[in-house]
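Participant: Okay, handing you the structure first.
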Amino acid sequence: MSEDLSRARRLVVKIGSALLVDQESGAVRRDWLNALADDINHLRSTGTEILVVSSGAIAVGRRHLGLMQKSIRLEEKQAAAACGQIQLAHAYQEALARHGISVAQILLTLGDTEERRRHLNARSTIVQLLTMGAVPVVNENDTVATTEIRFGDNDRLAARVAAMISADTLVLLSDIDELYERDPRQDPNADHIARAPSHHVSRREPVELFKKGDPHLGEAQRVLVGDLAAVGREARGEVVPVHEAERLL
Ligand code: GLU
């Protein structure tokens with residue numbers, strides 16, 4: 001794994017809330033984040049540019065606003081995201097400052113990746129930051145995104161951003177055992193895909209991969225795979241979704 005990643009020239013790594021935020025207390029897992037920062041520092045020293053797409057704003061903000069009930073309304077999620085995002089950004093800044101690395105916050109909606117002018121603006125800012133040696137930390141702009149806020153959107157956002165900046169590698173860090181070649185509910189022998197070989201991402205037609213236990217199984221997942229296919233085409237690189245991996249290296 002580490003050997004593969006140090007070959008990457010431009011790497012996008014997506015961090016899921018479950019890894020970054022303690023689910024009981026809603027606090028950022030500082031030790032885990034420091035370990036991630038160490039890995040980022042190591043990879044950068046081998047010449048890899050790194051962009052982070054991070055979830056966790058809602059999970060962190062809920063605790064601060066006392067929204068501990070199981071389900072919360074959209075407006076409450078947006079408020080929680082606004083409150084949590086600033087703390088999330090601060091946590092990344094602290095963790096990467098230990099290595100003298102600058103952090104830059106970018107909040108995007110999927111729409112920003114679709115509309116040409118906004119797409120080009122976002123791309124040139126991100127590329128500028130990478131050129132200047134900063135680590136952009138991207139999240140969805142949850143205060144203006146509405147129907148989009150739900151688990152899994154940052155997977156799509158990460159795939160879009162990877163395509164936008166012509167990243168050659170995308171890593172989805174998650175605690176969830178996610179991708180299967182066939183629907184594991186229909187076929188218990190379906191192969192788990194730990195790494196999508198390039199043929200999965202270089203075809204014109206999206207390959208159907210299935211996410212175990214995903215209530216949105218189907219359309220959303222196909223969109224993600226479609227995006228991954230776009231990354232493969234644009235970057236002509238290998239897309240490496242890593243699941244059940246808690247660390248980059
Ligand atoms: N943008 C959401 C947050 O930061 C997470 C969305 C996702 O996990 O896909 O809390």
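By convention in this document, the chains of the structure tokens carry letters A, B, ... by their order, each chain's residues are numbered from 1, and ligands are numbered from 1 in the order they are shown.
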Distance limit 10 Å, reference ligand 1, atoms considered: only C-alpha atoms and all ligand atoms. Which residues make the cut? Give them as a VMD selection string.
Facilitator: chain A and resid 14 to 18 21 53 to 62 77 to 78 80 to 82 84 to 85 88 107 to 109 138 to 143 145 148 to 158
Participant: DSSP on the backbone, then: every residue of region 6-111 of chain A marked strand (DSSP E or B), written as a PyMOL selection string.
Facilitator: chain A and resi 10-15+21+28+49-54+103-108
Participant: Can you spit out the residues from that selection as a short mmCIF file (atom, residue, chain, number, x, y, z; two decimals), in the first residue's frame, using N, CA and C atoms?
Facilitator:
```
data_model
loop_
_atom_site.label_atom_id
_atom_site.label_comp_id
_atom_site.auth_asym_id
_atom_site.auth_seq_id
_atom_site.Cartn_x
_atom_site.Cartn_y
_atom_site.Cartn_z
N ARG A 10 -0.47 13.08 -7.60
CA ARG A 10 -1.49 13.96 -7.01
C ARG A 10 -2.57 13.06 -6.43
N LEU A 11 -2.69 13.10 -5.11
CA LEU A 11 -3.54 12.15 -4.39
C LEU A 11 -4.70 12.88 -3.70
N VAL A 12 -5.90 12.34 -3.87
CA VAL A 12 -7.06 12.84 -3.11
C VAL A 12 -7.41 11.77 -2.09
N VAL A 13 -7.48 12.17 -0.82
CA VAL A 13 -7.88 11.19 0.20
C VAL A 13 -9.14 11.67 0.90
N LYS A 14 -10.15 10.80 0.90
CA LYS A 14 -11.42 11.16 1.54
C LYS A 14 -11.49 10.49 2.90
N ILE A 15 -11.81 11.30 3.91
CA ILE A 15 -11.87 10.81 5.28
C ILE A 15 -13.34 10.78 5.72
N VAL A 21 -14.25 11.23 13.86
CA VAL A 21 -15.00 11.73 15.02
C VAL A 21 -15.43 10.57 15.91
N VAL A 28 -13.32 15.26 17.95
CA VAL A 28 -12.35 14.83 16.93
C VAL A 28 -11.36 13.87 17.58
N GLU A 49 1.56 15.31 -4.14
CA GLU A 49 0.67 16.41 -3.73
C GLU A 49 -0.59 15.78 -3.13
N ILE A 50 -1.09 16.38 -2.03
CA ILE A 50 -2.23 15.75 -1.35
C ILE A 50 -3.34 16.75 -1.09
N LEU A 51 -4.55 16.32 -1.39
CA LEU A 51 -5.76 17.08 -1.06
C LEU A 51 -6.64 16.16 -0.21
N VAL A 52 -7.20 16.72 0.86
CA VAL A 52 -8.07 15.93 1.74
C VAL A 52 -9.52 16.35 1.52
N VAL A 53 -10.41 15.38 1.38
CA VAL A 53 -11.85 15.67 1.42
C VAL A 53 -12.32 15.09 2.74
N SER A 54 -12.78 15.95 3.64
CA SER A 54 -13.12 15.46 4.98
C SER A 54 -14.57 15.68 5.36
N VAL A 103 -2.64 24.64 5.84
CA VAL A 103 -3.93 24.03 5.50
C VAL A 103 -4.84 25.11 4.92
N ALA A 104 -5.61 24.76 3.90
CA ALA A 104 -6.54 25.72 3.32
C ALA A 104 -7.92 25.09 3.24
N GLN A 105 -8.94 25.81 3.67
CA GLN A 105 -10.30 25.25 3.66
C GLN A 105 -11.04 25.60 2.37
N ILE A 106 -11.65 24.59 1.75
CA ILE A 106 -12.46 24.81 0.55
C ILE A 106 -13.81 24.15 0.76
N LEU A 107 -14.89 24.92 0.67
CA LEU A 107 -16.23 24.35 0.79
C LEU A 107 -16.91 24.40 -0.57
N LEU A 108 -17.33 23.26 -1.06
CA LEU A 108 -17.92 23.17 -2.40
C LEU A 108 -19.27 22.47 -2.34
#
```
Participant: Could you please determine the separation between CA of Ala89 (chain A) and CA of Ala163 (chain A) in Å, to one decimal place?
Facilitator: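 That distance, rounded to one decimal, is 23.4 Å.
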Participant: Find the distance between CA of Leu172 (chain A) and CA of Arg117 (chain A) and write it in Å to one decimal.
Facilitator: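 Interatomic distance here is 27.3 Å.
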Participant: Smallest atom-to-atom distance to Val127 (chain A): which of A:His99, A:Met164, A:Asp112, A:Thr46, using only C-alpha atoms?
Facilitator: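 Looking only at the distances to Val127 (chain A), the closest residue turns out to be A:Met164.
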Participant: So what do you get for CA of Thr113 (chain A) versus CA of Val161 (chain A), distance-wise?
Facilitator: 7.4 Å
Participant: Give me the residues within 9 Å of Tyr92 (chain A) as a VMD selection string, counting only C-alpha atoms and dropping any in the same chain fewer than 6 places off.
Facilitator: chain A and resid 33 to 34 37 103 137
Participant: Please produce an output containing N, CA and C atoms for each residue in the selection, written as a compact mmCIF listing (two decimals), in the first residue's frame.
Facilitator:
```txt
# COMPACT_ATOMS: atom_id res chain seq x y z
N LEU A 33 -6.03 11.69 13.97
CA LEU A 33 -5.75 12.79 13.04
C LEU A 33 -4.24 13.08 12.99
N ASN A 34 -3.59 13.01 14.14
CA ASN A 34 -2.14 13.23 14.14
C ASN A 34 -1.42 12.14 13.34
N ALA A 37 -1.83 12.95 9.78
CA ALA A 37 -0.94 14.06 9.42
C ALA A 37 0.49 13.55 9.23
N VAL A 103 -2.64 24.64 5.84
CA VAL A 103 -3.93 24.03 5.50
C VAL A 103 -4.84 25.11 4.92
N VAL A 137 -8.19 21.30 2.39
CA VAL A 137 -9.13 20.40 3.06
C VAL A 137 -10.53 20.79 2.57
```
Participant: For region 4-8 of chain A, work out the shell of residues within 10 Å, counting only C-alpha atoms and skipping chain neighbours fewer than 4 positions away, then give it as a PyMOL selection string.
Facilitator: chain A and resi 12+42-50+167-171+237-238+240+248-249
Participant: Produce a file of the selected residues containing C-alpha atoms, as a PDB file, in the first residue's frame.
Facilitator:
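The resulting file, again.pdb, is reproduced below:
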```pdb
ATOM      1  CA  VAL A  12      -7.055  12.838  -3.107  1.00  0.00           C
ATOM      2  CA  HIS A  42       5.685  11.299   4.777  1.00  0.00           C
ATOM      3  CA  LEU A  43       3.964  11.074   1.381  1.00  0.00           C
ATOM      4  CA  ARG A  44       4.604  14.732   0.641  1.00  0.00           C
ATOM      5  CA  SER A  45       8.282  14.201   1.342  1.00  0.00           C
ATOM      6  CA  THR A  46       8.282  11.682  -1.552  1.00  0.00           C
ATOM      7  CA  GLY A  47       6.861  14.362  -3.870  1.00  0.00           C
ATOM      8  CA  THR A  48       3.146  13.509  -3.719  1.00  0.00           C
ATOM      9  CA  GLU A  49       0.673  16.407  -3.727  1.00  0.00           C
ATOM     10  CA  ILE A  50      -2.229  15.754  -1.354  1.00  0.00           C
ATOM     11  CA  ALA A 167      -5.532  13.511  -9.559  1.00  0.00           C
ATOM     12  CA  ASP A 168      -3.996  10.176 -10.429  1.00  0.00           C
ATOM     13  CA  THR A 169      -5.100   8.458  -7.229  1.00  0.00           C
ATOM     14  CA  LEU A 170      -8.189   8.615  -5.062  1.00  0.00           C
ATOM     15  CA  VAL A 171      -8.339   6.895  -1.697  1.00  0.00           C
ATOM     16  CA  GLY A 237      -4.475   6.697 -13.648  1.00  0.00           C
ATOM     17  CA  GLU A 238      -5.512   4.119 -11.208  1.00  0.00           C
ATOM     18  CA  VAL A 240      -7.745   2.981  -5.515  1.00  0.00           C
ATOM     19  CA  LEU A 248      -3.068   5.781   4.707  1.00  0.00           C
ATOM     20  CA  LEU A 249       0.256   4.025   5.246  1.00  0.00           C
TER      21      LEU A 249
END
```
Participant: So, with only C-alpha atoms as the atoms that count, which of A:Ala91, A:Ser124, A:Pro136, A:Glu114 lies closest to Arg29 (chain A)?
Facilitator: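 Among the listed residues, A:Ala91 lies closest to Arg29 (chain A).
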